[in-house]
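Source file: run09.cif; contents: mmCIF, C-alpha atoms, pLDDT in the B column; chains and numbers go by the auth columns.
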data_data
loop_
_atom_site.group_PDB
_atom_site.id
_atom_site.type_symbol
_atom_site.label_atom_id
_atom_site.label_comp_id
_atom_site.label_asym_id
_atom_site.label_seq_id
_atom_site.Cartn_x
_atom_site.Cartn_y
_atom_site.Cartn_z
_atom_site.B_iso_or_equiv
_atom_site.auth_seq_id
_atom_site.auth_asym_id
ATOM 1 C CA MET A 1 -4.506 11.321 11.922 68.00 124 A
ATOM 2 C CA PHE A 2 -5.727 7.754 11.622 84.00 125 A
ATOM 3 C CA GLU A 3 -8.259 6.413 14.133 84.00 126 A
ATOM 4 C CA PHE A 4 -6.083 3.576 15.456 89.00 127 A
ATOM 5 C CA GLU A 5 -8.091 2.931 18.628 89.00 128 A
ATOM 6 C CA GLN A 6 -11.373 2.608 16.713 89.00 129 A
ATOM 7 C CA ALA A 7 -9.746 -0.079 14.555 89.00 130 A
ATOM 8 C CA GLY A 8 -8.652 -2.133 17.590 89.00 131 A
ATOM 9 C CA ILE A 9 -5.024 -0.961 17.496 91.00 132 A
ATOM 10 C CA GLU A 10 -3.488 -0.021 20.857 91.00 133 A
ATOM 11 C CA GLN A 11 -0.217 1.641 21.800 91.00 134 A
ATOM 12 C CA ALA A 12 1.988 -0.984 23.496 91.00 135 A
ATOM 13 C CA VAL A 13 3.725 1.497 25.810 89.00 136 A
ATOM 14 C CA GLU A 14 2.205 4.853 26.665 87.00 137 A
ATOM 15 C CA GLY A 15 4.036 7.766 25.143 86.00 138 A
ATOM 16 C CA PRO A 16 3.745 10.527 22.575 87.00 139 A
ATOM 17 C CA LYS A 17 1.648 9.783 19.506 87.00 140 A
ATOM 18 C CA SER A 18 3.475 9.907 16.188 87.00 141 A
ATOM 19 C CA ALA A 19 2.084 11.480 13.029 90.00 142 A
ATOM 20 C CA VAL A 20 1.429 8.880 10.330 94.00 143 A
ATOM 21 C CA LEU A 21 1.931 9.928 6.702 94.00 144 A
ATOM 22 C CA GLY A 22 0.960 6.639 5.040 94.00 145 A
ATOM 23 C CA VAL A 23 1.212 2.885 5.512 96.00 146 A
ATOM 24 C CA ALA A 24 3.381 0.016 4.304 96.00 147 A
ATOM 25 C CA THR A 25 3.581 -3.745 4.715 95.00 148 A
ATOM 26 C CA ASP A 26 6.991 -4.099 3.058 94.00 149 A
ATOM 27 C CA THR A 27 10.101 -2.412 4.481 95.00 150 A
ATOM 28 C CA ARG A 28 11.510 -2.078 0.949 95.00 151 A
ATOM 29 C CA LYS A 29 8.633 0.287 0.132 94.00 152 A
ATOM 30 C CA LEU A 30 8.481 1.981 3.540 97.00 153 A
ATOM 31 C CA GLN A 31 8.820 5.766 3.534 96.00 154 A
ATOM 32 C CA PRO A 32 9.833 7.758 6.633 96.00 155 A
ATOM 33 C CA GLY A 33 6.688 8.616 8.583 96.00 156 A
ATOM 34 C CA ASN A 34 4.761 5.538 7.409 96.00 157 A
ATOM 35 C CA ALA A 35 3.048 3.117 9.746 97.00 158 A
ATOM 36 C CA PHE A 36 4.423 -0.385 9.159 98.00 159 A
ATOM 37 C CA PHE A 37 1.869 -3.194 9.506 97.00 160 A
ATOM 38 C CA CYS A 38 3.414 -6.596 10.321 97.00 161 A
ATOM 39 C CA ILE A 39 1.368 -8.997 8.206 95.00 162 A
ATOM 40 C CA PRO A 40 2.820 -12.509 7.964 89.00 163 A
ATOM 41 C CA GLY A 41 2.968 -13.910 4.439 87.00 164 A
ATOM 42 C CA PRO A 42 3.791 -17.275 2.879 90.00 165 A
ATOM 43 C CA ASN A 43 7.533 -16.536 2.691 91.00 166 A
ATOM 44 C CA PHE A 44 8.235 -14.040 5.484 88.00 167 A
ATOM 45 C CA ASP A 45 6.854 -13.118 8.867 89.00 168 A
ATOM 46 C CA SER A 46 7.054 -9.354 8.730 92.00 169 A
ATOM 47 C CA HIS A 47 7.288 -9.211 12.532 95.00 170 A
ATOM 48 C CA GLU A 48 10.980 -9.960 11.904 94.00 171 A
ATOM 49 C CA PHE A 49 11.192 -6.546 10.211 96.00 172 A
ATOM 50 C CA ALA A 50 9.638 -4.485 13.026 96.00 173 A
ATOM 51 C CA GLY A 51 13.038 -3.229 14.239 95.00 174 A
ATOM 52 C CA PRO A 52 14.370 -2.493 10.743 96.00 175 A
ATOM 53 C CA ALA A 53 11.119 -0.636 9.948 97.00 176 A
ATOM 54 C CA LEU A 54 11.715 1.642 12.934 97.00 177 A
ATOM 55 C CA ASP A 55 15.338 2.097 11.825 95.00 178 A
ATOM 56 C CA LYS A 56 14.076 3.191 8.374 97.00 179 A
ATOM 57 C CA GLY A 57 11.866 5.852 9.945 96.00 180 A
ATOM 58 C CA ALA A 58 8.504 4.169 10.499 97.00 181 A
ATOM 59 C CA SER A 59 6.461 6.414 12.764 96.00 182 A
ATOM 60 C CA VAL A 60 4.464 3.437 14.053 96.00 183 A
ATOM 61 C CA VAL A 61 4.849 -0.343 13.804 97.00 184 A
ATOM 62 C CA VAL A 62 1.706 -2.442 14.251 97.00 185 A
ATOM 63 C CA ILE A 63 2.338 -5.975 15.498 96.00 186 A
ATOM 64 C CA ARG A 64 0.172 -8.860 16.638 96.00 187 A
ATOM 65 C CA ARG A 65 -0.546 -8.529 20.355 95.00 188 A
ATOM 66 C CA ASP A 66 0.906 -11.938 21.236 95.00 189 A
ATOM 67 C CA ARG A 67 4.236 -11.055 19.571 94.00 190 A
ATOM 68 C CA TRP A 68 5.026 -8.055 21.805 94.00 191 A
ATOM 69 C CA SER A 69 6.821 -9.969 24.578 92.00 192 A
ATOM 70 C CA ALA A 70 9.112 -11.682 22.041 92.00 193 A
ATOM 71 C CA LEU A 71 9.875 -8.450 20.158 92.00 194 A
ATOM 72 C CA ARG A 72 10.212 -6.167 23.169 92.00 195 A
ATOM 73 C CA GLU A 73 13.835 -7.109 23.897 91.00 196 A
ATOM 74 C CA SER A 74 14.975 -6.650 20.292 91.00 197 A
ATOM 75 C CA ILE A 75 13.673 -3.080 19.979 93.00 198 A
ATOM 76 C CA ASP A 76 15.371 -0.044 21.488 92.00 199 A
ATOM 77 C CA PRO A 77 13.327 0.936 24.591 93.00 200 A
ATOM 78 C CA SER A 78 13.262 4.573 23.437 92.00 201 A
ATOM 79 C CA LEU A 79 11.148 3.383 20.476 93.00 202 A
ATOM 80 C CA HIS A 80 8.637 1.286 22.456 94.00 203 A
ATOM 81 C CA SER A 81 5.970 4.023 22.354 94.00 204 A
ATOM 82 C CA ARG A 82 5.998 3.685 18.541 95.00 205 A
ATOM 83 C CA ILE A 83 4.913 0.035 18.792 96.00 206 A
ATOM 84 C CA TYR A 84 1.190 -0.579 18.525 96.00 207 A
ATOM 85 C CA TYR A 85 -0.510 -3.939 18.650 92.00 208 A
ATOM 86 C CA ALA A 86 -3.725 -5.589 17.573 95.00 209 A
ATOM 87 C CA ASP A 87 -5.233 -9.052 17.890 96.00 210 A
ATOM 88 C CA ASP A 88 -5.289 -9.400 14.091 96.00 211 A
ATOM 89 C CA VAL A 89 -3.058 -6.938 12.225 96.00 212 A
ATOM 90 C CA LEU A 90 -4.610 -7.454 8.778 97.00 213 A
ATOM 91 C CA ASP A 91 -8.163 -7.153 10.095 96.00 214 A
ATOM 92 C CA SER A 92 -7.199 -3.991 11.986 96.00 215 A
ATOM 93 C CA MET A 93 -5.603 -2.478 8.876 96.00 216 A
ATOM 94 C CA GLN A 94 -8.779 -3.246 6.917 96.00 217 A
ATOM 95 C CA ARG A 95 -10.967 -1.698 9.632 96.00 218 A
ATOM 96 C CA LEU A 96 -8.682 1.351 9.802 95.00 219 A
ATOM 97 C CA ALA A 97 -9.060 1.811 6.030 95.00 220 A
ATOM 98 C CA ALA A 98 -12.858 1.508 6.267 95.00 221 A
ATOM 99 C CA ILE A 99 -12.982 4.114 9.055 95.00 222 A
ATOM 100 C CA HIS A 100 -10.603 6.403 7.162 93.00 223 A
ATOM 101 C CA ARG A 101 -12.650 6.084 3.957 92.00 224 A
ATOM 102 C CA ARG A 102 -15.899 6.973 5.771 92.00 225 A
ATOM 103 C CA ASN A 103 -14.227 10.152 7.065 91.00 226 A
ATOM 104 C CA GLN A 104 -13.265 11.352 3.567 89.00 227 A
ATOM 105 C CA ASP A 105 -15.433 13.175 1.056 89.00 228 A
ATOM 106 C CA TYR A 106 -13.767 12.220 -2.207 87.00 229 A
ATOM 107 C CA VAL A 107 -15.501 10.488 -5.109 89.00 230 A
ATOM 108 C CA VAL A 108 -14.594 6.852 -5.720 88.00 231 A
ATOM 109 C CA ILE A 109 -14.743 5.305 -9.178 90.00 232 A
ATOM 110 C CA GLY A 110 -14.574 1.519 -9.362 88.00 233 A
ATOM 111 C CA VAL A 111 -13.537 -0.346 -12.497 89.00 234 A
ATOM 112 C CA THR A 112 -14.951 -3.869 -12.667 90.00 235 A
ATOM 113 C CA GLY A 113 -14.983 -6.726 -15.129 90.00 236 A
ATOM 114 C CA SER A 114 -13.120 -9.872 -16.088 90.00 237 A
ATOM 115 C CA ASN A 115 -10.319 -8.442 -18.201 93.00 238 A
ATOM 116 C CA GLY A 116 -8.581 -5.111 -18.706 92.00 239 A
ATOM 117 C CA LYS A 117 -9.346 -3.505 -15.339 88.00 240 A
ATOM 118 C CA THR A 118 -5.801 -2.313 -14.674 87.00 241 A
ATOM 119 C CA SER A 119 -5.397 -0.911 -18.195 92.00 242 A
ATOM 120 C CA ALA A 120 -8.788 0.824 -18.016 93.00 243 A
ATOM 121 C CA LYS A 121 -7.907 2.227 -14.576 90.00 244 A
ATOM 122 C CA GLU A 122 -4.580 3.596 -15.856 92.00 245 A
ATOM 123 C CA MET A 123 -6.240 5.249 -18.874 95.00 246 A
ATOM 124 C CA LEU A 124 -9.001 6.758 -16.720 94.00 247 A
ATOM 125 C CA LEU A 125 -6.443 7.964 -14.154 92.00 248 A
ATOM 126 C CA SER A 126 -4.373 9.582 -16.905 94.00 249 A
ATOM 127 C CA MET A 127 -7.379 11.350 -18.448 96.00 250 A
ATOM 128 C CA LEU A 128 -8.710 12.601 -15.110 95.00 251 A
ATOM 129 C CA THR A 129 -5.243 13.777 -14.038 94.00 252 A
ATOM 130 C CA ASP A 130 -4.964 15.763 -17.283 96.00 253 A
ATOM 131 C CA LEU A 131 -8.381 17.244 -16.549 95.00 254 A
ATOM 132 C CA VAL A 132 -8.071 18.141 -12.835 93.00 255 A
ATOM 133 C CA GLY A 133 -4.415 17.613 -11.896 91.00 256 A
ATOM 134 C CA ASP A 134 -3.196 16.229 -8.592 86.00 257 A
ATOM 135 C CA ALA A 135 -6.696 15.992 -7.113 88.00 258 A
ATOM 136 C CA VAL A 136 -6.899 12.508 -8.673 90.00 259 A
ATOM 137 C CA ASP A 137 -5.327 9.398 -7.208 87.00 260 A
ATOM 138 C CA GLY A 138 -5.522 5.689 -7.903 84.00 261 A
ATOM 139 C CA THR A 139 -4.136 2.329 -6.990 81.00 262 A
ATOM 140 C CA THR A 140 -0.541 1.560 -7.871 78.00 263 A
ATOM 141 C CA GLY A 141 -0.395 -1.374 -10.263 74.00 264 A
ATOM 142 C CA ASN A 142 -3.095 -3.901 -9.496 73.00 265 A
ATOM 143 C CA LEU A 143 -3.366 -3.697 -5.707 78.00 266 A
ATOM 144 C CA ASN A 144 -6.971 -4.835 -5.820 78.00 267 A
ATOM 145 C CA ASN A 145 -7.100 -7.536 -3.148 87.00 268 A
ATOM 146 C CA HIS A 146 -7.781 -7.745 0.594 92.00 269 A
ATOM 147 C CA ILE A 147 -4.369 -6.212 1.385 92.00 270 A
ATOM 148 C CA GLY A 148 -3.937 -3.837 -1.562 91.00 271 A
ATOM 149 C CA VAL A 149 -7.265 -2.024 -1.230 90.00 272 A
ATOM 150 C CA PRO A 150 -6.697 -0.948 2.403 94.00 273 A
ATOM 151 C CA LEU A 151 -3.106 0.020 1.543 93.00 274 A
ATOM 152 C CA THR A 152 -4.398 2.164 -1.305 91.00 275 A
ATOM 153 C CA ILE A 153 -7.068 3.853 0.818 92.00 276 A
ATOM 154 C CA LEU A 154 -4.606 4.610 3.619 94.00 277 A
ATOM 155 C CA ASN A 155 -2.033 6.022 1.169 92.00 278 A
ATOM 156 C CA LEU A 156 -4.280 8.283 -0.914 86.00 279 A
ATOM 157 C CA LYS A 157 -3.023 11.864 -1.176 72.00 280 A
#

Can you dump the structure from the file as structure tokens?
Amino acid sequence: MFEFEQAGIEQAVEGPKSAVLGVATDTRKLQPGNAFFCIPGPNFDSHEFAGPALDKGASVVVIRRDRWSALRESIDPSLHSRIYYADDVLDSMQRLAAIHRRNQDYVVIGVTGSNGKTSAKEMLLSMLTDLVGDAVDGTTGNLNNHIGVPLTILNLK
């Protein structure tokens, strides 16, 4: 279970805690049981997708604290206990990933450089998977920024 409270994420309405199987910031990639983090982007404010994320099976939806009163009416009251909020959703997701990483004992290999990082990562991932099987995991594509790294950490097998 993720340490939501330690990352500054609070349950909006008291109720049963839901198991979280992974995280998503895009409802198109959301899997049932994922926590959906509402992170506004340049084209969409993902708070608009809080209800649809719950409809798709999100176990938890994390919204910005000041958006709760506006969203409350649009979400089925039976789902209110699955809404969590934070002052800064992205910062809280990053802190949650840092806490989660500290609680794990797996080895991390970083690939750095100016060019070829994704290709080198894919080759290394393929070789290590052949060597030790499913015990190896890596980023999908090139999710190597301030949003992609926490997503990767929180979705590792």

(message) Can you pull out the residues contacting segment 146-157 of chain A? Cut-off 12 Å, using all atoms listed in the file, and skip same-chain residues under 4 positions away; I want them as an MDAnalysis selection string.
(response) chainID A and resid 124:125 141:142 161:164 167:186 205 212:213 216:217 219:220 270:280

(message) Quick check, in Å to one decimal: how far apart do atom CA of Ser204 of chain A and atom CA of Asn226 of chain A lie?
(response)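 According to the coordinates, atom CA of Ser204 of chain A and atom CA of Asn226 of chain A are separated by 26.1 Å.
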
(message) Report, in Å with one decimal, the straight-line distance from atom CA of Asn265 of chain A to atom CA of Lys240 of chain A.
(response)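 Atom CA of Asn265 of chain A sits 8.6 Å away from atom CA of Lys240 of chain A.
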
(request) Identify the residues within 9 Å of coordinate (-0.3, -4.5, 22.5) (same frame as the file), considering all atoms listed in the file, and give the answer as a PyMOL selection string. (result) chain A and resi 132-136+185-191+206-210

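Note that atom CA of Ala158 of chain A and atom CA of Gly145 of chain A are 6.2 Å apart.
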
Got a minute to add N, CA and C atoms to segment 245-270 of chain A and dump it as an mmCIF file, keeping the file's coordinate frame?
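File produced: result37.cif:
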data_model
loop_
_atom_site.group_PDB
_atom_site.id
_atom_site.type_symbol
_atom_site.label_atom_id
_atom_site.label_comp_id
_atom_site.auth_asym_id
_atom_site.auth_seq_id
_atom_site.Cartn_x
_atom_site.Cartn_y
_atom_site.Cartn_z
ATOM 1 N N GLU A 245 -5.712 2.722 -15.517
ATOM 2 C CA GLU A 245 -4.580 3.596 -15.856
ATOM 3 C C GLU A 245 -4.985 4.653 -16.880
ATOM 4 N N MET A 246 -5.782 4.269 -17.880
ATOM 5 C CA MET A 246 -6.240 5.249 -18.874
ATOM 6 C C MET A 246 -7.149 6.295 -18.234
ATOM 7 N N LEU A 247 -8.087 5.844 -17.405
ATOM 8 C CA LEU A 247 -9.001 6.758 -16.720
ATOM 9 C C LEU A 247 -8.232 7.698 -15.792
ATOM 10 N N LEU A 248 -7.272 7.156 -15.054
ATOM 11 C CA LEU A 248 -6.443 7.964 -14.154
ATOM 12 C C LEU A 248 -5.670 9.030 -14.933
ATOM 13 N N SER A 249 -5.122 8.644 -16.076
ATOM 14 C CA SER A 249 -4.373 9.582 -16.905
ATOM 15 C C SER A 249 -5.274 10.703 -17.424
ATOM 16 N N MET A 250 -6.457 10.334 -17.918
ATOM 17 C CA MET A 250 -7.379 11.350 -18.448
ATOM 18 C C MET A 250 -7.855 12.302 -17.354
ATOM 19 N N LEU A 251 -8.226 11.752 -16.198
ATOM 20 C CA LEU A 251 -8.710 12.601 -15.110
ATOM 21 C C LEU A 251 -7.603 13.487 -14.551
ATOM 22 N N THR A 252 -6.377 12.971 -14.505
ATOM 23 C CA THR A 252 -5.243 13.777 -14.038
ATOM 24 C C THR A 252 -5.006 14.940 -14.992
ATOM 25 N N ASP A 253 -5.102 14.681 -16.305
ATOM 26 C CA ASP A 253 -4.964 15.763 -17.283
ATOM 27 C C ASP A 253 -6.057 16.813 -17.091
ATOM 28 N N LEU A 254 -7.233 16.356 -16.695
ATOM 29 C CA LEU A 254 -8.381 17.244 -16.549
ATOM 30 C C LEU A 254 -8.328 18.080 -15.264
ATOM 31 N N VAL A 255 -7.997 17.432 -14.122
ATOM 32 C CA VAL A 255 -8.071 18.141 -12.835
ATOM 33 C C VAL A 255 -6.771 18.143 -12.042
ATOM 34 N N GLY A 256 -5.718 17.574 -12.570
ATOM 35 C CA GLY A 256 -4.415 17.613 -11.896
ATOM 36 C C GLY A 256 -4.276 16.652 -10.736
ATOM 37 N N ASP A 257 -3.553 17.094 -9.716
ATOM 38 C CA ASP A 257 -3.196 16.229 -8.592
ATOM 39 C C ASP A 257 -4.350 15.857 -7.675
ATOM 40 N N ALA A 258 -5.545 16.338 -7.944
ATOM 41 C CA ALA A 258 -6.696 15.992 -7.113
ATOM 42 C C ALA A 258 -7.149 14.557 -7.357
ATOM 43 N N VAL A 259 -6.523 13.875 -8.316
ATOM 44 C CA VAL A 259 -6.899 12.508 -8.673
ATOM 45 C C VAL A 259 -5.828 11.551 -8.174
ATOM 46 N N ASP A 260 -6.259 10.422 -7.678
ATOM 47 C CA ASP A 260 -5.327 9.398 -7.208
ATOM 48 C C ASP A 260 -5.899 8.040 -7.571
ATOM 49 N N GLY A 261 -5.066 7.032 -7.582
ATOM 50 C CA GLY A 261 -5.522 5.689 -7.903
ATOM 51 C C GLY A 261 -4.574 4.651 -7.353
ATOM 52 N N THR A 262 -4.981 3.412 -7.478
ATOM 53 C CA THR A 262 -4.136 2.329 -6.990
ATOM 54 C C THR A 262 -2.858 2.265 -7.809
ATOM 55 N N THR A 263 -1.803 1.786 -7.176
ATOM 56 C CA THR A 263 -0.541 1.560 -7.871
ATOM 57 C C THR A 263 -0.574 0.135 -8.399
ATOM 58 N N GLY A 264 -0.366 -0.025 -9.689
ATOM 59 C CA GLY A 264 -0.395 -1.374 -10.263
ATOM 60 C C GLY A 264 -1.773 -1.986 -10.140
ATOM 61 N N ASN A 265 -1.805 -3.224 -9.641
ATOM 62 C CA ASN A 265 -3.095 -3.901 -9.496
ATOM 63 C C ASN A 265 -3.312 -4.351 -8.051
ATOM 64 N N LEU A 266 -3.150 -3.411 -7.131
ATOM 65 C CA LEU A 266 -3.366 -3.697 -5.707
ATOM 66 C C LEU A 266 -4.863 -3.751 -5.417
ATOM 67 N N ASN A 267 -5.521 -4.767 -5.940
ATOM 68 C CA ASN A 267 -6.971 -4.835 -5.820
ATOM 69 C C ASN A 267 -7.433 -6.061 -5.038
ATOM 70 N N ASN A 268 -6.690 -6.403 -3.975
ATOM 71 C CA ASN A 268 -7.100 -7.536 -3.148
ATOM 72 C C ASN A 268 -7.304 -7.084 -1.704
ATOM 73 N N HIS A 269 -7.461 -8.038 -0.806
ATOM 74 C CA HIS A 269 -7.781 -7.745 0.594
ATOM 75 C C HIS A 269 -6.667 -7.007 1.338
ATOM 76 N N ILE A 270 -5.471 -6.982 0.797
ATOM 77 C CA ILE A 270 -4.369 -6.212 1.385
ATOM 78 C C ILE A 270 -4.162 -4.913 0.602
#
